[in-house]
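Content type mmCIF, N, CA and C atoms, from the file structure-v3.cif:
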```cif
data_target
loop_
_atom_site.label_atom_id
_atom_site.label_comp_id
_atom_site.auth_asym_id
_atom_site.auth_seq_id
_atom_site.Cartn_x
_atom_site.Cartn_y
_atom_site.Cartn_z
N MET A 463 6.20 -3.34 95.12
CA MET A 463 5.09 -3.84 95.88
C MET A 463 5.58 -5.02 96.71
N THR A 464 5.17 -5.06 97.95
CA THR A 464 5.55 -6.18 98.80
C THR A 464 4.70 -7.39 98.46
N ASP A 465 5.15 -8.55 98.88
CA ASP A 465 4.38 -9.77 98.66
C ASP A 465 3.02 -9.70 99.36
N LEU A 466 2.98 -9.09 100.53
CA LEU A 466 1.72 -8.94 101.25
C LEU A 466 0.76 -8.01 100.51
N ASP A 467 1.27 -6.91 99.97
CA ASP A 467 0.44 -6.01 99.17
C ASP A 467 -0.13 -6.74 97.96
N TYR A 468 0.73 -7.49 97.27
CA TYR A 468 0.27 -8.26 96.11
C TYR A 468 -0.83 -9.22 96.53
N GLN A 469 -0.61 -9.95 97.60
CA GLN A 469 -1.59 -10.95 98.04
C GLN A 469 -2.94 -10.30 98.34
N ASP A 470 -2.93 -9.17 99.02
CA ASP A 470 -4.18 -8.46 99.34
C ASP A 470 -4.89 -8.01 98.06
N LEU A 471 -4.17 -7.38 97.16
CA LEU A 471 -4.77 -6.87 95.92
C LEU A 471 -5.29 -8.01 95.05
N ALA A 472 -4.50 -9.06 94.92
CA ALA A 472 -4.90 -10.19 94.08
C ALA A 472 -6.07 -10.94 94.68
N GLU A 473 -6.09 -11.09 95.99
CA GLU A 473 -7.21 -11.76 96.66
C GLU A 473 -8.50 -10.99 96.45
N ASN A 474 -8.42 -9.66 96.44
CA ASN A 474 -9.60 -8.83 96.17
C ASN A 474 -10.17 -9.11 94.78
N VAL A 475 -9.30 -9.38 93.81
CA VAL A 475 -9.75 -9.72 92.46
C VAL A 475 -10.54 -11.03 92.48
N LEU A 476 -10.00 -12.03 93.14
CA LEU A 476 -10.68 -13.33 93.19
C LEU A 476 -12.03 -13.21 93.89
N LYS A 477 -12.09 -12.46 94.97
CA LYS A 477 -13.36 -12.26 95.67
C LYS A 477 -14.36 -11.53 94.79
N ALA A 478 -13.90 -10.52 94.05
CA ALA A 478 -14.79 -9.78 93.15
C ALA A 478 -15.34 -10.68 92.05
N ILE A 479 -14.52 -11.60 91.55
CA ILE A 479 -14.98 -12.54 90.52
C ILE A 479 -16.07 -13.45 91.10
N GLU A 480 -15.84 -13.97 92.30
CA GLU A 480 -16.84 -14.83 92.93
C GLU A 480 -18.15 -14.10 93.15
N LEU A 481 -18.09 -12.86 93.63
CA LEU A 481 -19.30 -12.07 93.85
C LEU A 481 -20.01 -11.78 92.53
N ALA A 482 -19.25 -11.47 91.49
CA ALA A 482 -19.85 -11.20 90.18
C ALA A 482 -20.55 -12.44 89.63
N CYS A 483 -19.96 -13.61 89.83
CA CYS A 483 -20.60 -14.84 89.37
C CYS A 483 -21.93 -15.07 90.09
N ASP A 484 -21.96 -14.82 91.39
CA ASP A 484 -23.21 -14.94 92.14
C ASP A 484 -24.25 -13.98 91.59
N ARG A 485 -23.86 -12.73 91.34
CA ARG A 485 -24.78 -11.72 90.82
C ARG A 485 -25.28 -12.12 89.43
N ILE A 486 -24.38 -12.56 88.57
CA ILE A 486 -24.76 -12.97 87.21
C ILE A 486 -25.76 -14.12 87.26
N ASN A 487 -25.52 -15.09 88.11
CA ASN A 487 -26.44 -16.23 88.22
C ASN A 487 -27.80 -15.81 88.78
N ASP A 488 -27.81 -14.81 89.66
CA ASP A 488 -29.07 -14.32 90.23
C ASP A 488 -29.86 -13.47 89.24
N GLU A 489 -29.16 -12.69 88.40
CA GLU A 489 -29.82 -11.69 87.56
C GLU A 489 -30.02 -12.12 86.11
N THR A 490 -29.40 -13.22 85.68
CA THR A 490 -29.52 -13.63 84.28
C THR A 490 -29.87 -15.12 84.22
N ASP A 491 -30.09 -15.59 83.00
CA ASP A 491 -30.34 -17.02 82.81
C ASP A 491 -29.06 -17.77 82.47
N VAL A 492 -27.93 -17.09 82.59
CA VAL A 492 -26.64 -17.74 82.37
C VAL A 492 -26.37 -18.69 83.53
N ASP A 493 -26.00 -19.89 83.22
CA ASP A 493 -25.64 -20.85 84.26
C ASP A 493 -24.12 -20.89 84.31
N LEU A 494 -23.56 -19.99 85.11
CA LEU A 494 -22.11 -19.82 85.21
C LEU A 494 -21.62 -20.50 86.48
N ASP A 495 -20.85 -21.55 86.31
CA ASP A 495 -20.29 -22.27 87.45
C ASP A 495 -18.92 -21.71 87.76
N ASN A 496 -18.68 -21.38 89.02
CA ASN A 496 -17.35 -20.93 89.41
C ASN A 496 -16.85 -21.81 90.54
N GLN A 497 -15.66 -22.32 90.35
CA GLN A 497 -15.02 -23.16 91.37
C GLN A 497 -13.68 -22.56 91.72
N ARG A 498 -13.48 -22.42 93.02
CA ARG A 498 -12.20 -21.90 93.48
C ARG A 498 -11.42 -23.01 94.18
N THR A 499 -10.16 -23.11 93.80
CA THR A 499 -9.24 -24.03 94.44
C THR A 499 -7.98 -23.24 94.75
N GLY A 500 -7.81 -22.91 96.04
CA GLY A 500 -6.65 -22.11 96.43
C GLY A 500 -6.66 -20.76 95.75
N SER A 501 -5.65 -20.50 94.95
CA SER A 501 -5.52 -19.20 94.29
C SER A 501 -5.92 -19.28 92.81
N MET A 502 -6.83 -20.20 92.49
CA MET A 502 -7.29 -20.36 91.11
C MET A 502 -8.82 -20.45 91.09
N ILE A 503 -9.41 -19.75 90.12
CA ILE A 503 -10.85 -19.83 89.90
C ILE A 503 -11.07 -20.34 88.48
N THR A 504 -11.96 -21.32 88.35
CA THR A 504 -12.36 -21.83 87.05
C THR A 504 -13.82 -21.46 86.82
N LEU A 505 -14.07 -20.72 85.75
CA LEU A 505 -15.43 -20.38 85.34
C LEU A 505 -15.81 -21.34 84.22
N THR A 506 -16.93 -22.03 84.38
CA THR A 506 -17.40 -22.96 83.36
C THR A 506 -18.76 -22.50 82.87
N PHE A 507 -18.89 -22.36 81.56
CA PHE A 507 -20.10 -21.87 80.93
C PHE A 507 -20.97 -23.04 80.47
N GLN A 508 -22.22 -22.72 80.07
CA GLN A 508 -23.17 -23.76 79.65
C GLN A 508 -22.63 -24.61 78.51
N ASN A 509 -21.83 -24.00 77.62
CA ASN A 509 -21.26 -24.74 76.49
C ASN A 509 -20.00 -25.53 76.89
N GLN A 510 -19.71 -25.58 78.19
CA GLN A 510 -18.57 -26.30 78.78
C GLN A 510 -17.23 -25.63 78.52
N SER A 511 -17.21 -24.46 77.87
CA SER A 511 -15.95 -23.74 77.75
C SER A 511 -15.60 -23.15 79.11
N GLN A 512 -14.33 -22.84 79.30
CA GLN A 512 -13.87 -22.36 80.60
C GLN A 512 -12.99 -21.13 80.46
N ILE A 513 -12.97 -20.36 81.54
CA ILE A 513 -11.97 -19.32 81.75
C ILE A 513 -11.31 -19.64 83.08
N ILE A 514 -9.99 -19.64 83.09
CA ILE A 514 -9.25 -19.95 84.31
C ILE A 514 -8.43 -18.73 84.70
N ILE A 515 -8.60 -18.32 85.94
CA ILE A 515 -7.84 -17.19 86.49
C ILE A 515 -7.02 -17.72 87.65
N ASN A 516 -5.73 -17.45 87.63
CA ASN A 516 -4.91 -17.89 88.76
C ASN A 516 -3.83 -16.87 89.09
N LEU A 517 -3.45 -16.88 90.34
CA LEU A 517 -2.43 -15.96 90.84
C LEU A 517 -1.05 -16.55 90.61
N GLN A 518 -0.14 -15.72 90.16
CA GLN A 518 1.25 -16.10 89.98
C GLN A 518 2.07 -15.29 90.97
N LYS A 519 2.14 -15.81 92.20
CA LYS A 519 2.76 -15.08 93.30
C LYS A 519 4.22 -14.71 93.06
N PRO A 520 5.06 -15.61 92.53
CA PRO A 520 6.46 -15.24 92.35
C PRO A 520 6.65 -14.04 91.39
N LEU A 521 5.74 -13.90 90.43
CA LEU A 521 5.83 -12.82 89.45
C LEU A 521 4.94 -11.63 89.81
N GLN A 522 4.15 -11.78 90.86
CA GLN A 522 3.17 -10.79 91.28
C GLN A 522 2.24 -10.43 90.12
N GLU A 523 1.72 -11.46 89.47
CA GLU A 523 0.81 -11.30 88.35
C GLU A 523 -0.46 -12.11 88.57
N ILE A 524 -1.46 -11.79 87.78
CA ILE A 524 -2.67 -12.60 87.65
C ILE A 524 -2.70 -13.08 86.21
N TRP A 525 -2.92 -14.37 86.03
CA TRP A 525 -2.99 -14.94 84.69
C TRP A 525 -4.41 -15.35 84.39
N MET A 526 -4.83 -15.14 83.14
CA MET A 526 -6.15 -15.55 82.70
C MET A 526 -6.01 -16.35 81.41
N ALA A 527 -6.67 -17.49 81.36
CA ALA A 527 -6.72 -18.31 80.15
C ALA A 527 -8.18 -18.38 79.72
N ALA A 528 -8.44 -17.97 78.47
CA ALA A 528 -9.79 -17.98 77.90
C ALA A 528 -9.68 -18.52 76.47
N LYS A 529 -10.83 -18.70 75.82
CA LYS A 529 -10.80 -19.14 74.43
C LYS A 529 -10.02 -18.14 73.58
N ALA A 530 -10.03 -16.88 73.97
CA ALA A 530 -9.33 -15.82 73.23
C ALA A 530 -7.82 -15.90 73.38
N GLY A 531 -7.33 -16.66 74.36
CA GLY A 531 -5.89 -16.78 74.57
C GLY A 531 -5.50 -16.70 76.03
N GLY A 532 -4.19 -16.56 76.25
CA GLY A 532 -3.66 -16.45 77.60
C GLY A 532 -3.15 -15.04 77.84
N PHE A 533 -3.43 -14.52 79.04
CA PHE A 533 -3.12 -13.13 79.34
C PHE A 533 -2.49 -13.00 80.71
N HIS A 534 -1.56 -12.07 80.85
CA HIS A 534 -0.88 -11.80 82.11
C HIS A 534 -1.19 -10.37 82.52
N TYR A 535 -1.48 -10.18 83.81
CA TYR A 535 -1.82 -8.86 84.33
C TYR A 535 -0.93 -8.52 85.51
N ARG A 536 -0.49 -7.27 85.52
CA ARG A 536 0.36 -6.76 86.60
C ARG A 536 -0.30 -5.50 87.14
N PHE A 537 -0.19 -5.28 88.45
CA PHE A 537 -0.81 -4.10 89.06
C PHE A 537 0.01 -2.87 88.72
N VAL A 538 -0.65 -1.92 88.02
CA VAL A 538 0.00 -0.69 87.58
C VAL A 538 -0.91 0.47 87.95
N GLY A 539 -0.39 1.41 88.71
CA GLY A 539 -1.23 2.54 89.14
C GLY A 539 -2.28 2.08 90.12
N ASN A 540 -3.50 1.97 89.63
CA ASN A 540 -4.59 1.50 90.50
C ASN A 540 -5.41 0.40 89.86
N GLN A 541 -4.81 -0.32 88.89
CA GLN A 541 -5.56 -1.39 88.24
C GLN A 541 -4.63 -2.51 87.78
N TRP A 542 -5.23 -3.66 87.51
CA TRP A 542 -4.51 -4.79 86.94
C TRP A 542 -4.52 -4.61 85.43
N ALA A 543 -3.34 -4.42 84.84
CA ALA A 543 -3.21 -4.12 83.42
C ALA A 543 -2.51 -5.26 82.69
N ASP A 544 -3.00 -5.56 81.49
CA ASP A 544 -2.39 -6.58 80.64
C ASP A 544 -0.95 -6.17 80.36
N THR A 545 -0.02 -7.11 80.49
CA THR A 545 1.39 -6.80 80.32
C THR A 545 1.75 -6.50 78.86
N LYS A 546 0.86 -6.83 77.91
CA LYS A 546 1.15 -6.55 76.50
C LYS A 546 0.49 -5.27 76.01
N ASP A 547 -0.79 -5.08 76.34
CA ASP A 547 -1.49 -3.92 75.77
C ASP A 547 -2.10 -2.99 76.82
N SER A 548 -1.86 -3.27 78.09
CA SER A 548 -2.31 -2.43 79.21
C SER A 548 -3.83 -2.38 79.40
N ARG A 549 -4.58 -3.25 78.73
CA ARG A 549 -6.03 -3.27 78.94
C ARG A 549 -6.33 -3.80 80.33
N GLU A 550 -7.37 -3.27 80.94
CA GLU A 550 -7.73 -3.57 82.33
C GLU A 550 -8.32 -4.97 82.46
N PHE A 551 -7.97 -5.66 83.53
CA PHE A 551 -8.36 -7.05 83.77
C PHE A 551 -9.87 -7.27 83.69
N PHE A 552 -10.65 -6.50 84.46
CA PHE A 552 -12.09 -6.75 84.53
C PHE A 552 -12.78 -6.42 83.20
N ALA A 553 -12.27 -5.43 82.47
CA ALA A 553 -12.82 -5.12 81.14
C ALA A 553 -12.60 -6.32 80.21
N ASN A 554 -11.40 -6.87 80.25
CA ASN A 554 -11.11 -8.04 79.42
C ASN A 554 -11.92 -9.25 79.85
N LEU A 555 -12.01 -9.50 81.15
CA LEU A 555 -12.79 -10.63 81.63
C LEU A 555 -14.24 -10.51 81.17
N SER A 556 -14.79 -9.31 81.21
CA SER A 556 -16.17 -9.10 80.75
C SER A 556 -16.31 -9.44 79.27
N ILE A 557 -15.35 -9.02 78.47
CA ILE A 557 -15.38 -9.31 77.03
C ILE A 557 -15.29 -10.81 76.78
N TYR A 558 -14.32 -11.46 77.37
CA TYR A 558 -14.09 -12.88 77.10
C TYR A 558 -15.23 -13.74 77.66
N ALA A 559 -15.73 -13.40 78.83
CA ALA A 559 -16.84 -14.16 79.41
C ALA A 559 -18.11 -13.96 78.58
N SER A 560 -18.33 -12.76 78.10
CA SER A 560 -19.50 -12.48 77.24
C SER A 560 -19.43 -13.32 75.96
N GLU A 561 -18.25 -13.38 75.36
CA GLU A 561 -18.07 -14.18 74.14
C GLU A 561 -18.38 -15.65 74.41
N GLN A 562 -17.90 -16.16 75.52
CA GLN A 562 -18.08 -17.58 75.82
C GLN A 562 -19.49 -17.90 76.30
N ALA A 563 -20.17 -16.93 76.92
CA ALA A 563 -21.54 -17.15 77.40
C ALA A 563 -22.57 -16.90 76.31
N GLY A 564 -22.19 -16.13 75.29
CA GLY A 564 -23.13 -15.81 74.23
C GLY A 564 -24.07 -14.67 74.59
N GLN A 565 -23.77 -13.95 75.65
CA GLN A 565 -24.53 -12.76 76.02
C GLN A 565 -23.66 -11.87 76.90
N ALA A 566 -24.07 -10.61 76.99
CA ALA A 566 -23.26 -9.63 77.72
C ALA A 566 -23.20 -9.94 79.21
N LEU A 567 -21.98 -10.01 79.73
CA LEU A 567 -21.75 -10.21 81.16
C LEU A 567 -20.80 -9.10 81.62
N VAL A 568 -21.01 -8.63 82.84
CA VAL A 568 -20.16 -7.57 83.37
C VAL A 568 -19.47 -8.03 84.65
N PHE A 569 -18.17 -7.93 84.64
CA PHE A 569 -17.36 -8.17 85.82
C PHE A 569 -16.69 -6.85 86.17
N LYS A 570 -16.60 -6.55 87.45
CA LYS A 570 -15.92 -5.32 87.86
C LYS A 570 -15.32 -5.51 89.25
N ALA A 571 -14.34 -4.67 89.54
CA ALA A 571 -13.71 -4.71 90.86
C ALA A 571 -14.75 -4.34 91.91
N SER A 572 -14.67 -4.95 93.05
CA SER A 572 -15.59 -4.62 94.14
C SER A 572 -15.33 -3.21 94.62
N ALA A 573 -16.40 -2.53 95.00
CA ALA A 573 -16.26 -1.15 95.47
C ALA A 573 -15.73 -1.12 96.89
#
```
Exercise: express the given structure as structure tokens:
Amino acid sequence: MTDLDYQDLAENVLKAIELACDRINDETDVDLDNQRTGSMITLTFQNQSQIIINLQKPLQEIWMAAKAGGFHYRFVGNQWADTKDSREFFANLSIYASEQAGQALVFKASA
């Protein structure tokens, strides 16, 4: 994958996260704050816990830090897959965000 391909694919992930946060705030009583600084998004929940997603351009990965731990994702086939267990990025983000919010939240790639 070229650096430009990586940048386009990874940027789409960040945009999808921002859109999902807007949707979650509109459709639920979850007060989910999302702040983007460059290639990093910080999600802050009502209990002040955070999930941090950032791009690792030299490695062509996306990293996520949550209460559940730290995770690395690489683009494989047509999805961002965990480098250890191949679980899909948005599925994991939904699980970890739901745990930290105390209710079910859904994140997915933009169509």
**Study point:** All residues 10 Å or closer to segment 488-502 of chain A, only C-alpha atoms, same chain fewer than 6 positions away omitted, as number ranges by chain
**Key:** A: 469, 472-473, 476-477, 479-480, 482, 508-510, 512-519, 524-526, 559, 563-567
Could you tell me which residues the PyMOL selection byres (((chain A and resi 533 and name CA) around 12) and name CA) returns for this structure, as a compact mmCIF listing (two decimals) with N, CA and C atoms, keeping the file's coordinate frame?
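The new file selection15.txt reads:
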```
# COMPACT_ATOMS: atom_id res chain seq x y z
N ILE A 513 -12.97 -20.36 81.54
CA ILE A 513 -11.97 -19.32 81.75
C ILE A 513 -11.31 -19.64 83.08
N ILE A 514 -9.99 -19.64 83.09
CA ILE A 514 -9.25 -19.95 84.31
C ILE A 514 -8.43 -18.73 84.70
N ILE A 515 -8.60 -18.32 85.94
CA ILE A 515 -7.84 -17.19 86.49
C ILE A 515 -7.02 -17.72 87.65
N ASN A 516 -5.73 -17.45 87.63
CA ASN A 516 -4.91 -17.89 88.76
C ASN A 516 -3.83 -16.87 89.09
N LEU A 517 -3.45 -16.88 90.34
CA LEU A 517 -2.43 -15.96 90.84
C LEU A 517 -1.05 -16.55 90.61
N GLN A 518 -0.14 -15.72 90.16
CA GLN A 518 1.25 -16.10 89.98
C GLN A 518 2.07 -15.29 90.97
N GLU A 523 1.72 -11.46 89.47
CA GLU A 523 0.81 -11.30 88.35
C GLU A 523 -0.46 -12.11 88.57
N ILE A 524 -1.46 -11.79 87.78
CA ILE A 524 -2.67 -12.60 87.65
C ILE A 524 -2.70 -13.08 86.21
N TRP A 525 -2.92 -14.37 86.03
CA TRP A 525 -2.99 -14.94 84.69
C TRP A 525 -4.41 -15.35 84.39
N MET A 526 -4.83 -15.14 83.14
CA MET A 526 -6.15 -15.55 82.70
C MET A 526 -6.01 -16.35 81.41
N ALA A 527 -6.67 -17.49 81.36
CA ALA A 527 -6.72 -18.31 80.15
C ALA A 527 -8.18 -18.38 79.72
N ALA A 528 -8.44 -17.97 78.47
CA ALA A 528 -9.79 -17.98 77.90
C ALA A 528 -9.68 -18.52 76.47
N LYS A 529 -10.83 -18.70 75.82
CA LYS A 529 -10.80 -19.14 74.43
C LYS A 529 -10.02 -18.14 73.58
N ALA A 530 -10.03 -16.88 73.97
CA ALA A 530 -9.33 -15.82 73.23
C ALA A 530 -7.82 -15.90 73.38
N GLY A 531 -7.33 -16.66 74.36
CA GLY A 531 -5.89 -16.78 74.57
C GLY A 531 -5.50 -16.70 76.03
N GLY A 532 -4.19 -16.56 76.25
CA GLY A 532 -3.66 -16.45 77.60
C GLY A 532 -3.15 -15.04 77.84
N HIS A 534 -1.56 -12.07 80.85
CA HIS A 534 -0.88 -11.80 82.11
C HIS A 534 -1.19 -10.37 82.52
N TYR A 535 -1.48 -10.18 83.81
CA TYR A 535 -1.82 -8.86 84.33
C TYR A 535 -0.93 -8.52 85.51
N ARG A 536 -0.49 -7.27 85.52
CA ARG A 536 0.36 -6.76 86.60
C ARG A 536 -0.30 -5.50 87.14
N TRP A 542 -5.23 -3.66 87.51
CA TRP A 542 -4.51 -4.79 86.94
C TRP A 542 -4.52 -4.61 85.43
N ALA A 543 -3.34 -4.42 84.84
CA ALA A 543 -3.21 -4.12 83.42
C ALA A 543 -2.51 -5.26 82.69
N ASP A 544 -3.00 -5.56 81.49
CA ASP A 544 -2.39 -6.58 80.64
C ASP A 544 -0.95 -6.17 80.36
N THR A 545 -0.02 -7.11 80.49
CA THR A 545 1.39 -6.80 80.32
C THR A 545 1.75 -6.50 78.86
N LYS A 546 0.86 -6.83 77.91
CA LYS A 546 1.15 -6.55 76.50
C LYS A 546 0.49 -5.27 76.01
N ASP A 547 -0.79 -5.08 76.34
CA ASP A 547 -1.49 -3.92 75.77
C ASP A 547 -2.10 -2.99 76.82
N SER A 548 -1.86 -3.27 78.09
CA SER A 548 -2.31 -2.43 79.21
C SER A 548 -3.83 -2.38 79.40
N ARG A 549 -4.58 -3.25 78.73
CA ARG A 549 -6.03 -3.27 78.94
C ARG A 549 -6.33 -3.80 80.33
N GLU A 550 -7.37 -3.27 80.94
CA GLU A 550 -7.73 -3.57 82.33
C GLU A 550 -8.32 -4.97 82.46
N PHE A 551 -7.97 -5.66 83.53
CA PHE A 551 -8.36 -7.05 83.77
C PHE A 551 -9.87 -7.27 83.69
N ASN A 554 -11.40 -6.87 80.25
CA ASN A 554 -11.11 -8.04 79.42
C ASN A 554 -11.92 -9.25 79.85
N LEU A 555 -12.01 -9.50 81.15
CA LEU A 555 -12.79 -10.63 81.63
C LEU A 555 -14.24 -10.51 81.17
N TYR A 558 -14.32 -11.46 77.37
CA TYR A 558 -14.09 -12.88 77.10
C TYR A 558 -15.23 -13.74 77.66
```
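Ranking A:Thr504, A:Gln541, A:Asn487, A:Ser511 by their shortest atom-to-atom distance to Glu561 of chain A, with only C-alpha atoms included, puts A:Ser511 first.
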Exercise for review: Please indicate the distance in Å from atom C of Phe537 of chain A to atom C of Ser556 of chain A, rounded to one decimal place.
Suggested key: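 Answer for the atom C of Phe537 of chain A to atom C of Ser556 of chain A separation: 20.0 Å.
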Practice item. From a DSSP calculation on the backbone, collect every residue of chain A in alpha helix (DSSP H) and output the set as a VMD selection string. Key: chain A and resid 465 to 489 551 to 563
Study note, to complete from the structure: Students should find that atom CA of Phe507 of chain A and atom C of Val475 of chain A are spaced 18.5 Å
Exercise for review: as a PyMOL selection string, please: all residues of chain A that backbone DSSP puts in strand (DSSP E).
Suggested key: chain A and resi 495-499+502-506+512-518+523-528+531-538+541-544
Practice item. Figure out the distance between atom CA of Ser572 of chain A and atom CA of Asp465 of chain A, please, to one decimal in Å. Key: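 Atom CA of Asp465 of chain A sits 21.1 Å away from atom CA of Ser572 of chain A.
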Check your understanding: Which is closer to Lys570 of chain A than all the others in A:Ile486, A:Leu521, A:Val538, A:Ala553, using only C-alpha atoms?
Key ->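 Nearest candidate to Lys570 of chain A out of A:Ile486, A:Leu521, A:Val538, A:Ala553: A:Ala553.
The closest residue to Tyr468 of chain A, picked from A:Leu505, A:Gln562, A:Gln522, A:Asp484 and counting all atoms listed in the file, is A:Gln522.
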